[in-house]
Amino acid sequence: MQVKNSRINKIVLLVLVVAISALFLTMVRQFLMAIFMAGLFSAMVNPLHKWLTVRLRGRENLASILTIAGIVFLVLLPLSFLVGVIAAQAVHVGQSVTPWLESFIKEPSTVTGYLEKIPYYEEILPYRDMILQKAGQAVGIISNFLIDSLTSMTKMTLNALLNLVIMLYVMFYFLTTGDVLLKKILYYLPLAHRDEERLLHRFTSVAGATMKSTLIIGILQGGLCGFAFYLAGIQGAVFWGSVMAVMSVVPAVGTAIIWFPALIVLALAGDFSGVLLLIIICGAIAGNLDNLLRPRLVGKDTEMHDLFVLFGTLGGLTLFGILGIIIGPIISALFITIWEIYGDVFQDYLPDVGRINRKS
């Protein structure tokens, strides 16, 4: 009877643990990404925090404040300045593009001049009126898109600021009491200590390598493409370069979302030197950096196969949005690690198929 009551108590306890945990996670779900990023950045700056703690004779709180202040002044403030420059150029680009398109549509002679430069102009000529009509509709769509984008960008900025404040606040406690919290979490995981350390090591190594590769590739691609825009005489080179730095996380297409339409516009305007610049710098050089560097940067530091890096990135973007480029490879690495742990624990029950190289 006592054994039965004990079993019922454990079942009820497990049900309550799952139910209340699910309720709590649902309640704080909008802050989970900020908490996750706080844990990620805390792990990355933890060596600096420990060094400051030693220099400050064990005053962890002061070391945490100085670490976070360093992040704000060395990273966030310059980034805010860059965002201000990007926003100013974005407004300028938005104010200049729409009138240019409207004048482009309202002057048939100008359109005809551009169309004459296109191969097989005679075959296109009967559809000239339809092209003008569709172009006029495109102007309206672009104008609405710019207005909607400014509104959504305002909302995104406010949400980003809120999440940033939460992330910095959580980082303070992660840096001071993170070890205690981590030990508590690992205590509740019914895994061997060696396996827990293995998962934790893989998590931190992949997270650091992914963030490093994303930052390096984004800066290189955005910088190169922005420089190409500047050389080609395209207005708002800093703005477009920053947009392409963000777009660099999109596999396969990446920065071409921006520079390929610009190439078409330059070709229609007869600026073939600009077209050549974009093809060489944006297409041939910057376009191949992602395929060349990302698998090497991520895979080299984490011992993951290029395919796991690729599909982790693609799947992460699909499931988590822009932050999926960091979260996706982490999940892939944990997937590999957990199966390696499974192979070690149940090796006595698995068939002997020869020695397998576990370097993934």
# chains A, B, ... in the order shown; residues from 1 in each chain; ligands from 1
>>> closest_atom_pairs(of="stretch 167-240 of chain A", to="stretch 49-72 of chain A", cutoff="8 Å", atoms="only C-alpha atoms", output="CSV")
residue,atom,partner,partner_atom,distance
A:Leu168,CA,A:Ile68,CA,6.9
A:Met171,CA,A:Ile68,CA,7.8
A:Phe172,CA,A:Ser64,CA,5.7
A:Leu175,CA,A:Ser64,CA,6.1
A:Thr176,CA,A:Glu60,CA,5.8
>>> closest_residue(among="A:Leu32, A:Val309, A:Ala192, A:Cys225", to="A:Met167", atoms="only C-alpha atoms")
A:Leu32
>>> select_by_dssp(residues="stretch 143-337 of chain A", states="alpha helix (DSSP H)", output="JSON, numbers by chain")
{"A": [143, 144, 145, 146, 147, 148, 149, 150, 151, 152, 153, 154, 155, 156, 157, 158, 159, 160, 161, 162, 163, 164, 165, 166, 167, 168, 169, 170, 171, 172, 173, 174, 175, 176, 177, 178, 179, 180, 181, 182, 183, 184, 185, 186, 187, 188, 193, 194, 195, 196, 197, 198, 199, 200, 201, 202, 203, 204, 205, 206, 207, 208, 209, 210, 211, 212, 213, 214, 215, 216, 217, 218, 219, 220, 221, 222, 223, 224, 225, 226, 227, 228, 229, 230, 231, 237, 238, 239, 240, 241, 242, 243, 244, 245, 246, 247, 256, 257, 258, 259, 260, 261, 262, 263, 264, 265, 266, 267, 268, 272, 273, 274, 275, 276, 277, 287, 288, 289, 290, 291, 292, 293, 294, 295, 296, 297, 298, 299, 300, 301, 302, 306, 307, 308, 309, 310, 311, 312, 313, 314, 315, 316, 317, 318, 319, 320, 324, 325, 326, 327, 328, 329, 330, 331, 332, 333, 334, 335, 336, 337]}
>>> closest_atom_pairs(of="stretch 210-245 of chain A", to="stretch 326-348 of chain A", cutoff="12 Å", atoms="only C-alpha atoms", output="tab-separated table")
residue	atom	partner	partner_atom	distance
A:Thr210	CA	A:Ile326	CA	5.7
A:Met211	CA	A:Ile326	CA	6.3
A:Lys212	CA	A:Ile326	CA	9.8
A:Ser213	CA	A:Ile326	CA	9.7
A:Thr214	CA	A:Ile326	CA	8.1
A:Leu215	CA	A:Ile326	CA	10.8
>>> atom_distance(atom1="atom CA of A:Asn163", atom2="atom CA of A:Glu197")
29.3 Å
>>> atom_distance(atom1="atom CA of A:Val28", atom2="atom CA of A:Val75")
27.1 Å
>>> closest_residue(among="A:Ser21, A:Ser273, A:Thr26, A:Ser6", to="A:Ala232", atoms="only C-alpha atoms")
A:Ser273
>>> closest_residue(among="A:Ala269, A:Leu200, A:Ile280, A:Ile264", to="A:Leu182", atoms="only C-alpha atoms")
A:Leu200
